[in-house]
>>> print(open('run29.pdb').read())   # PDB, C-alpha atoms
MODEL        1
ATOM      1  CA  MET A   1      18.696  20.577  -4.959
ATOM      2  CA  THR A   2      18.372  18.100  -2.152
ATOM      3  CA  GLN A   3      17.898  14.403  -2.416
ATOM      4  CA  TYR A   4      14.572  13.224  -1.036
ATOM      5  CA  ARG A   5      13.082   9.856  -0.465
ATOM      6  CA  VAL A   6       9.355   9.778  -1.115
ATOM      7  CA  ALA A   7       7.278   6.822   0.043
ATOM      8  CA  VAL A   8       3.999   6.080  -1.725
ATOM      9  CA  HIS A   9       1.205   3.738  -0.671
ATOM     10  CA  ILE A  10      -0.961   2.267  -3.392
ATOM     11  CA  VAL A  11      -4.057   0.261  -2.474
ATOM     12  CA  PRO A  12      -6.930  -1.298  -4.423
ATOM     13  CA  ARG A  13      -9.843   1.125  -4.478
ATOM     14  CA  ARG A  14     -12.676   0.386  -2.095
ATOM     15  CA  GLY A  15     -15.349  -1.553  -3.932
ATOM     16  CA  VAL A  16     -12.806  -3.281  -6.196
ATOM     17  CA  LEU A  17     -12.564  -6.963  -5.296
ATOM     18  CA  ASP A  18      -9.174  -7.616  -3.649
ATOM     19  CA  PRO A  19      -8.724 -11.402  -3.553
ATOM     20  CA  GLN A  20      -5.252 -11.073  -2.003
ATOM     21  CA  GLY A  21      -6.590  -8.984   0.855
ATOM     22  CA  GLN A  22      -9.463 -11.438   1.266
ATOM     23  CA  ALA A  23      -7.069 -14.395   1.457
ATOM     24  CA  VAL A  24      -4.924 -12.622   4.066
ATOM     25  CA  CYS A  25      -8.050 -11.676   6.026
ATOM     26  CA  ASP A  26      -9.189 -15.315   6.047
ATOM     27  CA  ALA A  27      -5.727 -16.448   7.198
ATOM     28  CA  LEU A  28      -5.712 -13.910  10.036
ATOM     29  CA  HIS A  29      -9.108 -15.169  11.154
ATOM     30  CA  ALA A  30      -7.797 -18.732  11.064
ATOM     31  CA  LEU A  31      -4.907 -17.616  13.306
ATOM     32  CA  GLY A  32      -7.362 -16.324  15.849
ATOM     33  CA  PHE A  33      -7.318 -12.613  15.022
ATOM     34  CA  ALA A  34     -11.083 -12.531  15.184
ATOM     35  CA  ALA A  35     -11.169  -8.745  15.463
ATOM     36  CA  VAL A  36      -9.856  -8.281  11.902
ATOM     37  CA  ALA A  37     -12.648  -6.798   9.833
ATOM     38  CA  ASP A  38     -10.967  -6.055   6.546
ATOM     39  CA  VAL A  39      -7.574  -6.380   4.824
ATOM     40  CA  ARG A  40      -6.436  -4.728   1.631
ATOM     41  CA  VAL A  41      -3.087  -5.608   0.104
ATOM     42  CA  GLY A  42      -1.343  -2.910  -1.870
ATOM     43  CA  ARG A  43       2.117  -1.741  -2.754
ATOM     44  CA  HIS A  44       4.712   0.430  -1.011
ATOM     45  CA  ILE A  45       7.039   2.251  -3.406
ATOM     46  CA  VAL A  46      10.046   4.323  -2.356
ATOM     47  CA  VAL A  47      11.376   6.832  -4.880
ATOM     48  CA  GLY A  48      14.697   8.621  -4.396
ATOM     49  CA  MET A  49      14.864  11.918  -6.264
ATOM     50  CA  ASN A  50      16.400  15.367  -6.362
ATOM     51  CA  ALA A  51      14.024  18.250  -5.724
ATOM     52  CA  ASP A  52      14.052  21.898  -4.658
ATOM     53  CA  GLY A  53      12.031  21.133  -1.561
ATOM     54  CA  PRO A  54       9.565  18.672  -0.047
ATOM     55  CA  GLU A  55       6.633  20.325  -1.850
ATOM     56  CA  ALA A  56       8.315  19.889  -5.216
ATOM     57  CA  ALA A  57       9.195  16.283  -4.345
ATOM     58  CA  GLU A  58       5.579  15.554  -3.431
ATOM     59  CA  LEU A  59       4.281  17.183  -6.610
ATOM     60  CA  ALA A  60       6.641  15.091  -8.710
ATOM     61  CA  ALA A  61       5.661  11.902  -6.854
ATOM     62  CA  ARG A  62       1.955  12.612  -7.413
ATOM     63  CA  ASP A  63       2.633  13.099 -11.112
ATOM     64  CA  MET A  64       4.451   9.741 -11.174
ATOM     65  CA  CYS A  65       1.487   8.059  -9.462
ATOM     66  CA  ASP A  66      -0.987   9.546 -11.932
ATOM     67  CA  LYS A  67       1.071   8.500 -14.927
ATOM     68  CA  LEU A  68       2.549   5.137 -13.964
ATOM     69  CA  LEU A  69       2.789   4.007 -10.353
ATOM     70  CA  ALA A  70      -0.959   3.663  -9.710
ATOM     71  CA  ASN A  71      -3.724   2.563 -12.048
ATOM     72  CA  PRO A  72      -6.288   5.385 -12.007
ATOM     73  CA  VAL A  73      -9.070   2.905 -12.832
ATOM     74  CA  THR A  74      -8.649   0.588  -9.862
ATOM     75  CA  GLU A  75      -6.184   1.985  -7.335
ATOM     76  CA  ASP A  76      -5.861   4.870  -4.893
ATOM     77  CA  TYR A  77      -2.570   6.252  -3.662
ATOM     78  CA  GLU A  78      -1.313   8.431  -0.863
ATOM     79  CA  ILE A  79       2.056  10.000  -0.184
ATOM     80  CA  ALA A  80       3.142   8.191   2.978
ATOM     81  CA  GLY A  81       6.262  10.173   3.740
ATOM     82  CA  ILE A  82       8.852  12.610   2.384
ATOM     83  CA  ALA A  83      12.279  12.946   3.950
ATOM     84  CA  PRO A  84      15.601  14.358   2.819
ATOM     85  CA  VAL A  85      18.157  11.588   2.542
ATOM     86  CA  TYR A  86      20.676  13.334   4.863
ATOM     87  CA  ALA A  87      18.095  13.299   7.682
ATOM     88  CA  GLU A  88      17.696   9.575   7.186
ATOM     89  CA  ALA A  89      21.439   9.001   7.353
ATOM     90  CA  ARG A  90      21.702  10.908  10.638
ATOM     91  CA  ALA A  91      18.798   9.062  12.240
TER      92      ALA A  91
ATOM     93  CA  MET B  92      -4.081  -5.740 -46.302
ATOM     94  CA  ARG B  93      -0.951  -5.849 -44.202
ATOM     95  CA  PHE B  94      -0.785  -6.955 -40.580
ATOM     96  CA  GLY B  95       1.878  -5.840 -38.114
ATOM     97  CA  VAL B  96       2.744  -7.823 -34.988
ATOM     98  CA  VAL B  97       4.559  -5.955 -32.213
ATOM     99  CA  THR B  98       7.184  -7.722 -30.120
ATOM    100  CA  PHE B  99       7.854  -6.330 -26.646
ATOM    101  CA  PRO B 100      10.535  -7.769 -24.366
ATOM    102  CA  GLY B 101       8.606 -10.653 -22.827
ATOM    103  CA  SER B 102       6.043 -11.157 -25.607
ATOM    104  CA  ASN B 103       5.585 -14.881 -26.209
ATOM    105  CA  CYS B 104       2.627 -15.146 -28.569
ATOM    106  CA  ASP B 105       4.092 -13.000 -31.338
ATOM    107  CA  ASP B 106       5.088 -16.075 -33.374
ATOM    108  CA  ASP B 107       1.601 -17.546 -32.935
ATOM    109  CA  ALA B 108       0.085 -14.292 -34.190
ATOM    110  CA  VAL B 109       2.352 -14.269 -37.259
ATOM    111  CA  HIS B 110       1.508 -17.937 -37.878
ATOM    112  CA  ALA B 111      -2.224 -17.209 -37.702
ATOM    113  CA  VAL B 112      -1.968 -14.275 -40.104
ATOM    114  CA  VAL B 113       0.493 -15.728 -42.610
ATOM    115  CA  ASP B 114      -0.115 -19.479 -42.600
ATOM    116  CA  ALA B 115      -3.748 -19.752 -41.574
ATOM    117  CA  LEU B 116      -5.148 -16.562 -43.090
ATOM    118  CA  GLY B 117      -2.708 -16.197 -45.986
ATOM    119  CA  ALA B 118      -2.204 -12.479 -45.419
ATOM    120  CA  GLU B 119       0.916 -10.336 -45.389
ATOM    121  CA  CYS B 120       2.564  -9.644 -42.060
ATOM    122  CA  VAL B 121       5.449  -7.530 -40.822
ATOM    123  CA  ARG B 122       7.125  -7.757 -37.464
ATOM    124  CA  LEU B 123       7.413  -4.596 -35.415
ATOM    125  CA  TRP B 124       9.890  -3.977 -32.608
ATOM    126  CA  HIS B 125       8.836  -2.113 -29.479
ATOM    127  CA  LYS B 126      11.679   0.392 -29.873
ATOM    128  CA  ASP B 127      10.633   1.349 -33.408
ATOM    129  CA  HIS B 128       8.681   4.448 -34.307
ATOM    130  CA  ASP B 129       7.455   2.954 -37.564
ATOM    131  CA  LEU B 130       4.432   0.743 -38.241
ATOM    132  CA  LYS B 131       5.902  -0.230 -41.639
ATOM    133  CA  ARG B 132       2.673   0.508 -43.497
ATOM    134  CA  ALA B 133       0.772  -2.158 -41.547
ATOM    135  CA  GLU B 134      -2.952  -1.513 -41.467
ATOM    136  CA  VAL B 135      -3.931  -3.956 -38.719
ATOM    137  CA  ILE B 136      -1.750  -3.915 -35.606
ATOM    138  CA  ILE B 137      -1.659  -6.892 -33.257
ATOM    139  CA  LEU B 138      -0.352  -6.544 -29.697
ATOM    140  CA  PRO B 139       0.329 -10.177 -28.793
ATOM    141  CA  GLY B 140       0.162 -12.111 -25.556
ATOM    142  CA  GLY B 141       3.027 -12.634 -23.175
ATOM    143  CA  PHE B 142       4.557 -10.997 -20.143
ATOM    144  CA  SER B 143       6.020  -7.741 -21.377
ATOM    145  CA  TYR B 144       8.587  -6.340 -18.950
ATOM    146  CA  GLY B 145       7.972  -9.317 -16.685
ATOM    147  CA  ASP B 146       4.554  -7.939 -15.741
ATOM    148  CA  HIS B 147       6.432  -5.652 -13.333
ATOM    149  CA  LEU B 148       4.325  -3.084 -11.473
ATOM    150  CA  ARG B 149       1.149  -4.174 -13.326
ATOM    151  CA  PRO B 150       0.785  -6.185 -16.554
ATOM    152  CA  GLY B 151       1.097  -3.779 -19.480
ATOM    153  CA  ALA B 152       1.927  -0.762 -17.298
ATOM    154  CA  ILE B 153       5.466  -0.390 -18.602
ATOM    155  CA  ALA B 154       4.916  -1.658 -22.150
ATOM    156  CA  ARG B 155       2.395   1.111 -22.748
ATOM    157  CA  PHE B 156       5.305   3.572 -22.652
ATOM    158  CA  SER B 157       7.334   1.644 -25.239
ATOM    159  CA  PRO B 158       8.341   3.905 -28.140
ATOM    160  CA  ILE B 159       6.101   2.159 -30.669
ATOM    161  CA  MET B 160       3.018   2.637 -28.493
ATOM    162  CA  ARG B 161       2.861   6.303 -29.486
ATOM    163  CA  GLU B 162       2.327   5.218 -33.098
ATOM    164  CA  VAL B 163      -0.053   2.417 -32.114
ATOM    165  CA  VAL B 164      -2.260   4.778 -30.081
ATOM    166  CA  GLU B 165      -2.289   7.310 -32.952
ATOM    167  CA  HIS B 166      -3.130   4.513 -35.394
ATOM    168  CA  ALA B 167      -6.054   3.472 -33.185
ATOM    169  CA  LYS B 168      -7.254   7.076 -32.879
ATOM    170  CA  ARG B 169      -7.265   7.397 -36.661
ATOM    171  CA  GLY B 170      -9.665   4.443 -36.789
ATOM    172  CA  TYR B 171      -7.376   1.633 -37.933
ATOM    173  CA  PRO B 172      -7.822  -1.835 -36.461
ATOM    174  CA  VAL B 173      -5.762  -2.647 -33.375
ATOM    175  CA  LEU B 174      -6.145  -6.085 -31.796
ATOM    176  CA  GLY B 175      -4.833  -6.770 -28.301
ATOM    177  CA  VAL B 176      -4.705 -10.370 -27.141
ATOM    178  CA  CYS B 177      -4.120 -11.220 -23.464
ATOM    179  CA  ASN B 178      -1.103  -9.052 -22.530
ATOM    180  CA  GLY B 179      -2.020  -6.925 -25.562
ATOM    181  CA  PHE B 180      -5.457  -6.340 -24.003
ATOM    182  CA  GLN B 181      -3.780  -5.374 -20.719
ATOM    183  CA  ILE B 182      -1.498  -2.928 -22.547
ATOM    184  CA  LEU B 183      -4.443  -1.300 -24.369
ATOM    185  CA  CYS B 184      -6.299  -0.832 -21.063
ATOM    186  CA  GLU B 185      -3.210   0.623 -19.387
ATOM    187  CA  ALA B 186      -2.774   2.978 -22.343
ATOM    188  CA  GLY B 187      -6.363   4.143 -21.960
ATOM    189  CA  VAL B 188      -7.242   3.006 -25.495
ATOM    190  CA  LEU B 189      -9.785   0.598 -23.996
ATOM    191  CA  PRO B 190     -11.763   1.326 -20.821
ATOM    192  CA  GLY B 191     -11.350  -0.635 -17.585
ATOM    193  CA  ALA B 192      -8.495  -2.719 -16.208
ATOM    194  CA  LEU B 193      -7.389  -6.352 -15.895
ATOM    195  CA  LEU B 194      -6.681  -7.435 -12.334
ATOM    196  CA  ARG B 195      -5.355 -10.566 -10.658
ATOM    197  CA  ASN B 196      -7.626 -13.573 -11.238
ATOM    198  CA  ALA B 197     -10.218 -13.818  -8.466
ATOM    199  CA  ARG B 198      -8.906 -17.232  -7.353
ATOM    200  CA  LEU B 199      -5.313 -15.925  -7.438
ATOM    201  CA  LYS B 200      -4.204 -18.705  -9.780
ATOM    202  CA  PHE B 201      -2.739 -18.693 -13.237
ATOM    203  CA  VAL B 202      -5.350 -20.354 -15.462
ATOM    204  CA  CYS B 203      -4.312 -22.236 -18.593
ATOM    205  CA  ARG B 204      -7.139 -24.091 -20.329
ATOM    206  CA  THR B 205      -9.705 -23.970 -23.079
ATOM    207  CA  VAL B 206     -12.761 -21.845 -22.377
ATOM    208  CA  ILE B 207     -16.087 -21.383 -24.120
ATOM    209  CA  LEU B 208     -16.971 -17.934 -25.362
ATOM    210  CA  ARG B 209     -20.293 -16.560 -26.541
ATOM    211  CA  VAL B 210     -20.306 -14.026 -29.365
ATOM    212  CA  GLU B 211     -22.276 -11.042 -28.020
ATOM    213  CA  ASN B 212     -21.896  -8.701 -30.967
ATOM    214  CA  ASP B 213     -21.482  -9.982 -34.523
ATOM    215  CA  ALA B 214     -21.468  -6.535 -36.102
ATOM    216  CA  THR B 215     -17.896  -5.538 -35.222
ATOM    217  CA  LEU B 216     -14.895  -5.483 -37.556
ATOM    218  CA  TYR B 217     -13.712  -8.610 -35.820
ATOM    219  CA  THR B 218     -16.853 -10.717 -35.626
ATOM    220  CA  SER B 219     -18.756 -10.366 -38.910
ATOM    221  CA  GLN B 220     -17.972 -13.999 -39.767
ATOM    222  CA  TYR B 221     -19.547 -15.202 -36.520
ATOM    223  CA  GLU B 222     -23.164 -15.166 -35.461
ATOM    224  CA  ARG B 223     -24.536 -13.585 -32.326
ATOM    225  CA  GLY B 224     -24.883 -16.276 -29.675
ATOM    226  CA  GLN B 225     -22.399 -18.586 -31.389
ATOM    227  CA  LEU B 226     -20.199 -20.546 -28.958
ATOM    228  CA  LEU B 227     -16.437 -20.647 -29.563
ATOM    229  CA  ARG B 228     -13.642 -22.657 -28.000
ATOM    230  CA  MET B 229     -10.402 -20.784 -27.382
ATOM    231  CA  PRO B 230      -7.458 -21.221 -25.017
ATOM    232  CA  ILE B 231      -6.672 -18.833 -22.199
ATOM    233  CA  ALA B 232      -3.393 -18.566 -20.275
ATOM    234  CA  HIS B 233      -3.237 -15.711 -17.802
ATOM    235  CA  GLY B 234      -2.899 -14.740 -14.172
ATOM    236  CA  ASP B 235      -4.375 -11.256 -14.510
ATOM    237  CA  GLY B 236      -7.525 -11.485 -16.580
ATOM    238  CA  ARG B 237     -10.257 -10.239 -14.262
ATOM    239  CA  TYR B 238     -11.841  -7.488 -16.273
ATOM    240  CA  THR B 239     -12.915  -4.648 -13.972
ATOM    241  CA  ILE B 240     -14.684  -1.384 -14.656
ATOM    242  CA  ASP B 241     -16.787   1.015 -12.579
ATOM    243  CA  ALA B 242     -20.593   0.821 -12.666
ATOM    244  CA  ASP B 243     -21.022   3.727 -15.081
ATOM    245  CA  GLY B 244     -18.404   2.328 -17.409
ATOM    246  CA  LEU B 245     -20.073  -1.081 -17.387
ATOM    247  CA  GLU B 246     -23.404   0.460 -18.269
ATOM    248  CA  ARG B 247     -21.787   2.346 -21.139
ATOM    249  CA  LEU B 248     -20.214  -0.869 -22.443
ATOM    250  CA  ARG B 249     -23.591  -2.618 -22.344
ATOM    251  CA  ASP B 250     -25.534   0.264 -23.895
ATOM    252  CA  ARG B 251     -23.117   0.636 -26.760
ATOM    253  CA  GLU B 252     -22.769  -3.104 -27.326
ATOM    254  CA  GLN B 253     -19.027  -2.930 -26.744
ATOM    255  CA  ILE B 254     -18.964  -6.305 -24.991
ATOM    256  CA  VAL B 255     -17.965  -8.687 -27.767
ATOM    257  CA  PHE B 256     -17.259 -11.976 -25.960
ATOM    258  CA  ARG B 257     -18.408 -13.440 -22.639
ATOM    259  CA  TYR B 258     -17.276 -16.593 -20.838
ATOM    260  CA  VAL B 259     -20.094 -19.160 -20.746
ATOM    261  CA  ASN B 260     -20.643 -22.827 -19.957
ATOM    262  CA  ALA B 261     -21.334 -25.546 -22.554
ATOM    263  CA  ASP B 262     -24.994 -24.534 -22.605
ATOM    264  CA  GLY B 263     -24.044 -20.983 -23.493
ATOM    265  CA  VAL B 264     -24.975 -19.602 -20.081
ATOM    266  CA  THR B 265     -22.833 -17.243 -17.990
ATOM    267  CA  THR B 266     -22.098 -18.791 -14.584
ATOM    268  CA  ASP B 267     -19.492 -18.275 -11.865
ATOM    269  CA  ASP B 268     -17.960 -21.657 -12.698
ATOM    270  CA  ALA B 269     -17.626 -20.790 -16.377
ATOM    271  CA  ASN B 270     -15.951 -17.490 -15.562
ATOM    272  CA  PRO B 271     -12.263 -18.456 -15.278
ATOM    273  CA  ASN B 272     -10.966 -15.267 -13.642
ATOM    274  CA  GLY B 273     -13.926 -13.590 -11.950
ATOM    275  CA  ALA B 274     -14.269 -10.998 -14.713
ATOM    276  CA  GLN B 275     -17.046  -8.498 -14.155
ATOM    277  CA  ASP B 276     -20.187  -9.515 -16.055
ATOM    278  CA  SER B 277     -18.200 -12.498 -17.463
ATOM    279  CA  ILE B 278     -16.478 -10.147 -19.914
ATOM    280  CA  ALA B 279     -13.791 -11.799 -22.047
ATOM    281  CA  GLY B 280     -13.411  -9.151 -24.745
ATOM    282  CA  ILE B 281     -14.518  -5.614 -25.582
ATOM    283  CA  VAL B 282     -14.195  -3.070 -28.377
ATOM    284  CA  ASN B 283     -13.652   0.661 -27.983
ATOM    285  CA  GLU B 284     -16.510   3.025 -28.686
ATOM    286  CA  ALA B 285     -15.508   3.516 -32.318
ATOM    287  CA  GLY B 286     -15.313  -0.253 -32.735
ATOM    288  CA  ASN B 287     -11.864  -0.406 -34.343
ATOM    289  CA  VAL B 288      -9.943  -1.648 -31.281
ATOM    290  CA  LEU B 289     -10.612  -5.105 -29.816
ATOM    291  CA  GLY B 290      -9.067  -6.462 -26.629
ATOM    292  CA  LEU B 291      -9.658  -9.987 -25.393
ATOM    293  CA  MET B 292      -8.038 -12.344 -22.894
ATOM    294  CA  PRO B 293      -8.564 -15.613 -24.875
ATOM    295  CA  HIS B 294      -6.162 -16.417 -27.718
ATOM    296  CA  PRO B 295      -7.806 -16.547 -31.169
ATOM    297  CA  GLU B 296      -4.353 -16.836 -32.775
ATOM    298  CA  ARG B 297      -3.803 -20.131 -30.964
ATOM    299  CA  ALA B 298      -7.106 -21.485 -32.247
ATOM    300  CA  VAL B 299      -6.697 -21.366 -36.019
ATOM    301  CA  ASP B 300      -6.366 -25.074 -36.809
ATOM    302  CA  SER B 301      -8.236 -28.127 -35.513
ATOM    303  CA  LEU B 302      -4.788 -29.670 -34.955
ATOM    304  CA  LEU B 303      -4.388 -27.092 -32.185
ATOM    305  CA  GLY B 304      -7.652 -28.172 -30.577
ATOM    306  CA  SER B 305      -9.857 -25.513 -32.138
ATOM    307  CA  ALA B 306     -10.121 -23.483 -35.323
ATOM    308  CA  ASP B 307     -12.737 -21.137 -33.876
ATOM    309  CA  GLY B 308     -10.352 -18.189 -33.763
ATOM    310  CA  LEU B 309      -9.719 -18.134 -37.501
ATOM    311  CA  ALA B 310     -13.025 -16.416 -38.327
ATOM    312  CA  LEU B 311     -11.906 -13.420 -36.239
ATOM    313  CA  PHE B 312      -9.022 -12.848 -38.642
ATOM    314  CA  GLN B 313     -11.229 -13.651 -41.645
ATOM    315  CA  SER B 314     -13.713 -11.042 -40.420
ATOM    316  CA  LEU B 315     -10.954  -8.440 -40.500
ATOM    317  CA  LEU B 316      -9.923  -9.526 -43.977
ATOM    318  CA  ALA B 317     -13.519  -9.361 -45.212
ATOM    319  CA  ARG B 318     -14.205  -5.908 -43.751
ATOM    320  CA  VAL B 319     -10.877  -4.181 -44.130
ATOM    321  CA  GLY B 320     -10.182  -5.636 -47.555
ATOM    322  CA  ALA B 321      -7.672  -8.094 -48.958
TER     323      ALA B 321
ENDMDL
END
>>> encode(input="run29.pdb", output="structure tokens")
Amino acid sequence: MTQYRVAVHIVPRRGVLDPQGQAVCDALHALGFAAVADVRVGRHIVVGMNADGPEAAELAARDMCDKLLANPVTEDYEIAGIAPVYAEARA
Amino acid sequence: MRFGVVTFPGSNCDDDAVHAVVDALGAECVRLWHKDHDLKRAEVIILPGGFSYGDHLRPGAIARFSPIMREVVEHAKRGYPVLGVCNGFQILCEAGVLPGALLRNARLKFVCRTVILRVENDATLYTSQYERGQLLRMPIAHGDGRYTIDADGLERLRDREQIVFRYVNADGVTTDDANPNGAQDSIAGIVNEAGNVLGLMPHPERAVDSLLGSADGLALFQSLLARVGA
């Protein structure tokens, strides 16, 4: 067993009104970032866990997203990164 | 008929619910603790308003895994009445007992005021003492009340008359201004397909006495009493 850190991105599904993203988009426009077309505000979750390998860690993280971390009705998620903790410490 | 009111860590309308049932309705009520696995022979379960688990992650997302929720979901599946008010509505959606989800209010503000509701279906367990089209005054107090569902789901809700209450203006018309949270189709409350589970964002239990500003919520509890039996 190795300890992994799995990062998960959760964002409001396209088509679901995201007033937070809209407010940030408006603020960026007001600051002069005229090129900004669209902003969606979501959540970045980092889970530390023991697993047999990166595949097992990803599988477990997906299960967590389906059951709790993301709302299947309104949100999409993606696994943003998986790294063993010792690699992180060395970096 | 016995009511049971569940208290989660962070519930804050549990006392109001007990008050509505015991003092206003005159029915029997037991208190249920989120860690229990026992509904104490209660027939009608109320999941009250509040901020269970501090609304962490998403409102209701953690409370739905409370020990007692296993019994509550089973109870609902067996056809017994389960009423979710505000945070209770959010918990029932997170648990998949009711379709859809409740997202951050469209204007990103916590809204605490009295709203006007229109009764859309007077044939449910919860609305037999109202009339279709009747306007009710009830308080709301929430930051995450924007009811959201996909297009197919919305059509199903409409076809099966599962939309029970909508936000309207004083003339009884749905408008953007009268919709306090940007809820899809001005939806304030829905029942499940079987009709035994109601979730709504407004607080009927806080509107059971004219001293409180409105007694329009009392008939919801009286409807239950009339249909489920005394």
>>> closest_residue(input="run29.pdb", among="A:Leu28, A:Ala23, A:Ala37, A:Ala60", to="chain B", atoms="all atoms listed in the file")
A:Ala23
>>> interface_residues(input="run29.pdb", of="chain A", to="chain B", cutoff="12 Å", atoms="all atoms listed in the file", output="VMD selection string")
chain A and resid 10 12 to 24 42 to 45 65 to 75
>>> resolve_selection(input="run29.pdb", expression="the PyMOL selection byres ((chain A and resi 55) around 12)", output="number ranges by chain")
A: 2, 4, 6, 50-54, 56-62, 79, 81-84
>>> resolve_selection(input="run29.pdb", expression="the PyMOL selection byres ((chain B and resi 223) around 10)", output="PyMOL selection string")
chain B and resi 209-214+218-222+224-226+255-256
>>> residues_around(input="run29.pdb", residues="Tyr258 (chain B)", least_positions_apart="5", cutoff="12 Å", atoms="only C-alpha atoms", output="JSON, numbers by chain")
{"B": [205, 206, 207, 208, 209, 210, 211, 224, 225, 226, 227, 228, 229, 230, 231, 236, 237, 238, 263, 264, 265, 266, 267, 268, 269, 270, 271, 272, 273, 274, 275, 276, 277, 278, 279, 280, 291, 292, 293]}
>>> resolve_selection(input="run29.pdb", expression="the PyMOL selection byres ((chain B and resi 313) around 12)", output="CSV table (one decimal) with C-alpha atoms, in the frame of the given file")
chain,number,residue,atom,x,y,z
B,92,MET,CA,-4.1,-5.7,-46.3
B,111,ALA,CA,-2.2,-17.2,-37.7
B,112,VAL,CA,-2.0,-14.3,-40.1
B,113,VAL,CA,0.5,-15.7,-42.6
B,115,ALA,CA,-3.7,-19.8,-41.6
B,116,LEU,CA,-5.1,-16.6,-43.1
B,117,GLY,CA,-2.7,-16.2,-46.0
B,118,ALA,CA,-2.2,-12.5,-45.4
B,216,LEU,CA,-14.9,-5.5,-37.6
B,217,TYR,CA,-13.7,-8.6,-35.8
B,218,THR,CA,-16.9,-10.7,-35.6
B,219,SER,CA,-18.8,-10.4,-38.9
B,220,GLN,CA,-18.0,-14.0,-39.8
B,221,TYR,CA,-19.5,-15.2,-36.5
B,295,PRO,CA,-7.8,-16.5,-31.2
B,296,GLU,CA,-4.4,-16.8,-32.8
B,299,VAL,CA,-6.7,-21.4,-36.0
B,306,ALA,CA,-10.1,-23.5,-35.3
B,307,ASP,CA,-12.7,-21.1,-33.9
B,308,GLY,CA,-10.4,-18.2,-33.8
B,309,LEU,CA,-9.7,-18.1,-37.5
B,310,ALA,CA,-13.0,-16.4,-38.3
B,311,LEU,CA,-11.9,-13.4,-36.2
B,312,PHE,CA,-9.0,-12.8,-38.6
B,314,SER,CA,-13.7,-11.0,-40.4
B,315,LEU,CA,-11.0,-8.4,-40.5
B,316,LEU,CA,-9.9,-9.5,-44.0
B,317,ALA,CA,-13.5,-9.4,-45.2
B,318,ARG,CA,-14.2,-5.9,-43.8
B,319,VAL,CA,-10.9,-4.2,-44.1
B,320,GLY,CA,-10.2,-5.6,-47.6
B,321,ALA,CA,-7.7,-8.1,-49.0
>>> atom_distance(input="run29.pdb", atom1="CA of Lys126 (chain B)", atom2="CA of Glu165 (chain B)")
15.9 Å
>>> axis_aligned_box(input="run29.pdb", around="region 116-125 of chain B", padding_each_side="3 Å", output="AutoDock Vina command-line options")
--center_x 2.4 --center_y -9.3 --center_z -37.7 --size_x 21.0 --size_y 20.4 --size_z 22.5
>>> residues_around(input="run29.pdb", residues="Val121 (chain B)", least_positions_apart="3", cutoff="7 Å", atoms="all atoms listed in the file", output="PyMOL selection string")
chain B and resi 94-96
>>> atom_distance(input="run29.pdb", atom1="CA of His294 (chain B)", atom2="CA of Asp235 (chain B)")
14.3 Å
>>> atom_distance(input="run29.pdb", atom1="CA of Pro100 (chain B)", atom2="CA of Val163 (chain B)")
16.6 Å
>>> residues_around(input="run29.pdb", residues="Met160 (chain B)", least_positions_apart="5", cutoff="10 Å", atoms="only C-alpha atoms", output="list in words")
Val97, His125, Lys126, Asp127, His128, Leu138, Ala154, Arg155, Glu165, His166, Ile182, Leu183 and Ala186 of chain B
